[in-house]
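Next comes query_4.tsv, a file with TSV, C-alpha atoms.
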```tsv
chain	number	residue	atom	x	y	z
A	461	MET	CA	-19.50	41.93	29.89
A	462	PHE	CA	-16.23	42.96	28.24
A	463	LYS	CA	-14.32	40.19	30.08
A	464	LYS	CA	-16.80	37.52	28.90
A	465	THR	CA	-16.55	38.71	25.29
A	466	LEU	CA	-12.75	38.80	25.47
A	467	LEU	CA	-12.70	35.32	27.02
A	468	ALA	CA	-15.01	33.97	24.28
A	469	ILE	CA	-12.90	35.51	21.49
A	470	THR	CA	-9.67	34.20	23.04
A	471	THR	CA	-11.17	30.72	23.44
A	472	LEU	CA	-12.33	30.64	19.81
A	473	PHE	CA	-8.93	31.86	18.65
A	474	LEU	CA	-7.11	29.13	20.62
A	475	LEU	CA	-9.49	26.46	19.33
A	476	ASN	CA	-8.79	27.53	15.75
A	477	ILE	CA	-5.07	27.14	16.36
A	478	VAL	CA	-5.26	23.77	18.17
A	479	THR	CA	-7.99	22.03	16.13
A	480	PRO	CA	-6.06	21.67	12.83
A	481	THR	CA	-3.18	19.95	14.63
A	482	LEU	CA	-5.59	17.41	16.11
A	483	ASP	CA	-6.98	16.55	12.68
A	484	ALA	CA	-5.56	13.12	11.87
A	485	LYS	CA	-5.58	12.10	8.24
A	486	ALA	CA	-6.44	8.52	7.40
A	487	LEU	CA	-5.69	6.81	4.14
A	488	THR	CA	-8.99	6.30	2.43
A	489	PHE	CA	-9.32	6.02	-1.27
A	490	GLY	CA	-12.26	8.01	-2.61
A	491	GLU	CA	-12.97	6.58	-6.03
A	492	LEU	CA	-11.71	3.12	-6.83
A	493	PRO	CA	-9.95	1.72	-8.75
A	494	LEU	CA	-6.74	3.75	-8.44
A	495	LYS	CA	-4.11	2.94	-11.02
A	496	GLN	CA	-0.49	3.91	-11.58
A	497	LYS	CA	1.68	2.85	-14.51
A	498	SER	CA	5.28	2.87	-15.60
A	499	LYS	CA	6.91	1.50	-18.74
A	500	GLN	CA	7.20	-1.89	-17.01
A	501	TRP	CA	4.31	-2.20	-14.53
A	502	SER	CA	0.66	-1.39	-14.00
A	503	VAL	CA	-0.44	-1.28	-10.35
A	504	GLN	CA	-4.11	-1.03	-9.42
A	505	VAL	CA	-5.77	-0.72	-6.00
A	506	ASP	CA	-9.45	-1.63	-5.96
A	507	LYS	CA	-12.26	-2.84	-3.72
A	508	ALA	CA	-11.46	-6.02	-1.83
A	509	ASP	CA	-13.08	-9.27	-2.83
A	510	GLN	CA	-15.81	-10.27	-0.39
A	511	GLY	CA	-16.75	-13.79	0.53
A	512	LYS	CA	-16.53	-16.59	3.00
A	513	GLY	CA	-13.19	-16.71	4.77
A	514	LEU	CA	-12.15	-13.23	3.60
A	515	VAL	CA	-11.62	-10.47	6.12
A	516	LYS	CA	-14.09	-7.59	6.28
A	517	PRO	CA	-13.18	-3.98	7.13
A	518	GLU	CA	-13.53	-2.82	10.74
A	519	LYS	CA	-14.55	0.81	11.20
A	520	GLY	CA	-11.88	2.78	13.03
A	521	ILE	CA	-9.29	0.00	12.69
A	522	PHE	CA	-8.67	-0.98	9.07
A	523	HIS	CA	-9.98	-0.95	5.49
A	524	THR	CA	-9.72	-3.81	3.00
A	525	TYR	CA	-8.59	-3.50	-0.61
A	526	SER	CA	-7.35	-5.63	-3.49
A	527	LEU	CA	-4.18	-5.19	-5.50
A	528	GLU	CA	-3.38	-6.15	-9.07
A	529	VAL	CA	0.10	-5.86	-10.56
A	530	ASP	CA	0.52	-6.47	-14.28
A	531	ASN	CA	3.73	-6.69	-16.30
A	532	ILE	CA	3.16	-4.38	-19.29
A	533	GLY	CA	6.81	-4.12	-20.33
A	534	LYS	CA	9.61	-6.50	-21.23
A	535	ASP	CA	9.67	-10.11	-20.03
A	536	VAL	CA	11.20	-10.55	-16.58
A	537	LEU	CA	13.27	-13.40	-15.15
A	538	SER	CA	12.17	-12.98	-11.53
A	539	ALA	CA	9.80	-10.68	-9.66
A	540	ASN	CA	9.01	-9.90	-6.02
A	541	ILE	CA	6.17	-7.67	-4.86
A	542	TYR	CA	6.10	-6.03	-1.44
A	543	MET	CA	3.38	-3.90	0.14
A	544	PHE	CA	4.00	-1.39	2.93
A	545	ARG	CA	2.09	1.19	4.92
A	546	ASN	CA	3.45	4.06	6.90
A	547	GLU	CA	3.02	4.69	10.59
A	548	PRO	CA	2.08	8.23	11.65
A	549	ASN	CA	4.88	10.33	13.16
A	550	THR	CA	7.69	8.01	12.04
A	551	THR	CA	9.64	7.25	8.89
A	552	THR	CA	9.26	3.51	9.42
A	553	LYS	CA	7.24	1.50	6.88
A	554	PHE	CA	5.44	-1.69	7.90
A	555	SER	CA	5.06	-4.67	5.58
A	556	LEU	CA	1.45	-5.71	5.03
A	557	PHE	CA	2.37	-9.37	5.00
A	558	GLY	CA	5.28	-11.35	6.24
A	559	CYS	CA	6.46	-14.89	6.59
A	560	PRO	CA	5.82	-16.80	9.82
A	561	ASP	CA	8.83	-19.08	9.25
A	562	GLU	CA	11.73	-16.95	8.00
A	563	LYS	CA	13.99	-19.94	7.21
A	564	GLU	CA	11.35	-21.67	5.07
A	565	CYS	CA	10.56	-18.40	3.27
A	566	ASN	CA	14.20	-17.79	2.41
A	567	GLU	CA	14.56	-21.29	0.92
A	568	GLU	CA	11.53	-20.82	-1.36
A	569	HIS	CA	12.11	-17.13	-2.16
A	570	PHE	CA	13.93	-17.52	-5.48
A	571	GLU	CA	11.59	-20.24	-6.77
A	572	ARG	CA	8.55	-18.06	-6.00
A	573	ALA	CA	10.15	-15.05	-7.73
A	574	ILE	CA	10.76	-17.06	-10.91
A	575	SER	CA	7.28	-18.58	-10.81
A	576	LEU	CA	5.68	-15.14	-10.40
A	577	ALA	CA	7.73	-13.77	-13.30
A	578	LYS	CA	6.64	-16.65	-15.56
A	579	GLN	CA	2.99	-16.09	-14.61
A	580	MET	CA	3.23	-12.38	-15.38
A	581	ASN	CA	5.15	-12.94	-18.62
A	582	ASP	CA	2.28	-15.22	-19.69
A	583	GLY	CA	-0.15	-12.32	-19.29
A	584	MET	CA	-1.59	-13.33	-15.91
A	585	PRO	CA	-1.26	-10.45	-13.42
A	586	TYR	CA	-0.43	-10.89	-9.75
A	587	ARG	CA	-3.64	-10.44	-7.76
A	588	PHE	CA	-3.93	-10.01	-4.02
A	589	SER	CA	-7.70	-10.13	-3.56
A	590	ASN	CA	-8.11	-8.95	0.02
A	591	PHE	CA	-5.58	-7.18	2.23
A	592	LEU	CA	-5.85	-5.05	5.37
A	593	LEU	CA	-4.72	-1.44	5.51
A	594	ALA	CA	-4.73	0.29	8.90
A	595	GLU	CA	-6.89	3.41	9.05
A	596	LYS	CA	-4.08	5.31	10.74
A	597	ALA	CA	-1.90	4.87	7.64
A	598	THR	CA	-1.62	7.85	5.30
A	599	GLU	CA	0.51	6.16	2.66
A	600	PHE	CA	0.39	2.78	0.89
A	601	GLU	CA	3.43	1.67	-1.04
A	602	VAL	CA	3.90	-1.15	-3.55
A	603	GLU	CA	7.51	-2.06	-4.22
A	604	ILE	CA	8.44	-4.31	-7.13
A	605	ILE	CA	11.93	-5.77	-7.40
A	606	TRP	CA	12.72	-7.76	-10.52
A	607	THR	CA	15.45	-8.94	-12.84
A	608	GLN	CA	15.16	-8.40	-16.57
A	609	LYS	CA	15.84	-11.26	-18.97
A	610	GLY	CA	19.30	-10.72	-20.44
A	611	MET	CA	20.35	-8.60	-17.44
A	612	GLU	CA	20.43	-11.34	-14.81
A	613	GLY	CA	22.26	-10.50	-11.61
A	614	ARG	CA	21.28	-6.82	-11.61
A	615	PRO	CA	17.96	-6.28	-9.78
A	616	LEU	CA	15.70	-3.39	-10.73
A	617	LYS	CA	13.22	-1.69	-8.42
A	618	GLU	CA	10.16	0.52	-8.78
A	619	THR	CA	7.98	1.94	-6.05
A	620	PHE	CA	4.37	3.04	-6.47
A	621	THR	CA	3.02	5.23	-3.69
A	622	PHE	CA	-0.67	5.88	-3.03
A	623	THR	CA	-1.62	8.63	-0.58
A	624	ALA	CA	-4.82	9.97	0.95
A	625	ASP	CA	-7.10	12.08	-1.25
```
Could the structure of this file be written out as structure tokens, please?
Amino acid sequence: MFKKTLLAITTLFLLNIVTPTLDAKALTFGELPLKQKSKQWSVQVDKADQGKGLVKPEKGIFHTYSLEVDNIGKDVLSANIYMFRNEPNTTTKFSLFGCPDEKECNEEHFERAISLAKQMNDGMPYRFSNFLLAEKATEFEVEIIWTQKGMEGRPLKETFTFTAD
């Protein structure tokens, strides 16, 4: 009887030690929208737009969200917005979208950055209506790189990081 009780207590003790390390955290946003601001930018994560042709979340694989970035500071000359997620057990960040043809993207890069800046200076925020975020991610990062009017040639950068609740 004593051996069975000791075995049960030891088993419970070992389970209490091992179980927390097996608990994987996934990036899920409880209450949406989530918003972060700086003097220059407002970044908001919200529910993804739904509709024909838009991706839907897949349980156990990925969630879908929308992103809105608004220029609330000084006018900008150019702006680029990048979105990244982390990968568990590594310091590497993965871009949430890329360019299938790197050469073509590089040729249009500056024109797109100026066009985005003009749009945002005119009060129209950048909106990404439906993007995928892997469930295994525990961190979502929005990086904005821009040049300020009057300070051309010197890029500025801000990073907004959203983590699990």
Self-check item: Coordinates-based distance that separates atom CA of Ser498 of chain A from atom CA of Glu528 of chain A (Å, one decimal)
Solution: 14.1 Å
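Separating atom CA of Asp530 of chain A from atom CA of Ser502 of chain A is a distance of 5.1 Å.
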Quiz item: Using only C-alpha atoms, which of the listed residues (A:Phe570, A:Phe557, A:Trp606, A:Trp501) sits closest to Asn590 of chain A?
Solution: A:Phe557
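Excluding Arg545 of chain A itself and any same-chain residue fewer than 3 positions from it, the protein and nucleic acid residues within 10 Å of it, counting all atoms listed in the file, are Leu487, Pro548, Thr552, Lys553, Phe554, Ser555, Leu556, Leu593, Ala594, Lys596, Ala597, Thr598, Glu599, Phe600, Glu601, Val602, Thr621, Phe622 and Thr623 of chain A.
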Self-check item: atom CA of Leu592 of chain A to atom CA of Asp506 of chain A, straight-line distance in Å
Solution: 12.4 Å
Practice problem: Dig up all the protein and nucleic acid residues within 9 Å of (13.8, -12.8, -15.0) in the file frame, using only C-alpha atoms, and format them as a ChimeraX atom specification. | Solution: /A:535-539,573-574,577-578,606-612
Written file, previous selection with C-alpha atoms, as a compact mmCIF listing (two decimals), in the coordinates of the input:
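As a result, result-v1.txt now contains:
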```
# COMPACT_ATOMS: atom_id res chain seq x y z
CA ASP A 535 9.67 -10.11 -20.03
CA VAL A 536 11.20 -10.55 -16.58
CA LEU A 537 13.27 -13.40 -15.15
CA SER A 538 12.17 -12.98 -11.53
CA ALA A 539 9.80 -10.68 -9.66
CA ALA A 573 10.15 -15.05 -7.73
CA ILE A 574 10.76 -17.06 -10.91
CA ALA A 577 7.73 -13.77 -13.30
CA LYS A 578 6.64 -16.65 -15.56
CA TRP A 606 12.72 -7.76 -10.52
CA THR A 607 15.45 -8.94 -12.84
CA GLN A 608 15.16 -8.40 -16.57
CA LYS A 609 15.84 -11.26 -18.97
CA GLY A 610 19.30 -10.72 -20.44
CA MET A 611 20.35 -8.60 -17.44
CA GLU A 612 20.43 -11.34 -14.81
```
Quiz prompt | Using all atoms listed in the file: which of A:Ile541, A:Glu518, A:Phe591, A:Pro493 has the shortest distance to Thr619 of chain A | solution =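 Counting all atoms listed in the file, the residue closest to Thr619 of chain A is A:Ile541.
Restricting the calculation to all atoms listed in the file, the smallest distance between Thr524 of chain A and any of A:Lys497, A:Lys507, A:Lys617, A:Lys512 is found for A:Lys507.
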Practice problem: Have a look at A:Ala508, A:Ile532, A:Leu576, A:Ile521 and name the one nearest to Gln496 of chain A; count only C-alpha atoms. | Solution: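 Closest candidate: A:Ile532.
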Quiz item: With all atoms listed in the file as the atoms that count, which of A:Ser526, A:Gln510, A:Thr551, A:Asn546 lies nearest to Tyr586 of chain A?
Solution: A:Ser526
Quiz item: Which one is closest to Leu494 of chain A: A:Ile605, A:Met580, A:Leu616, A:Val529? Count only C-alpha atoms.
Solution: A:Val529
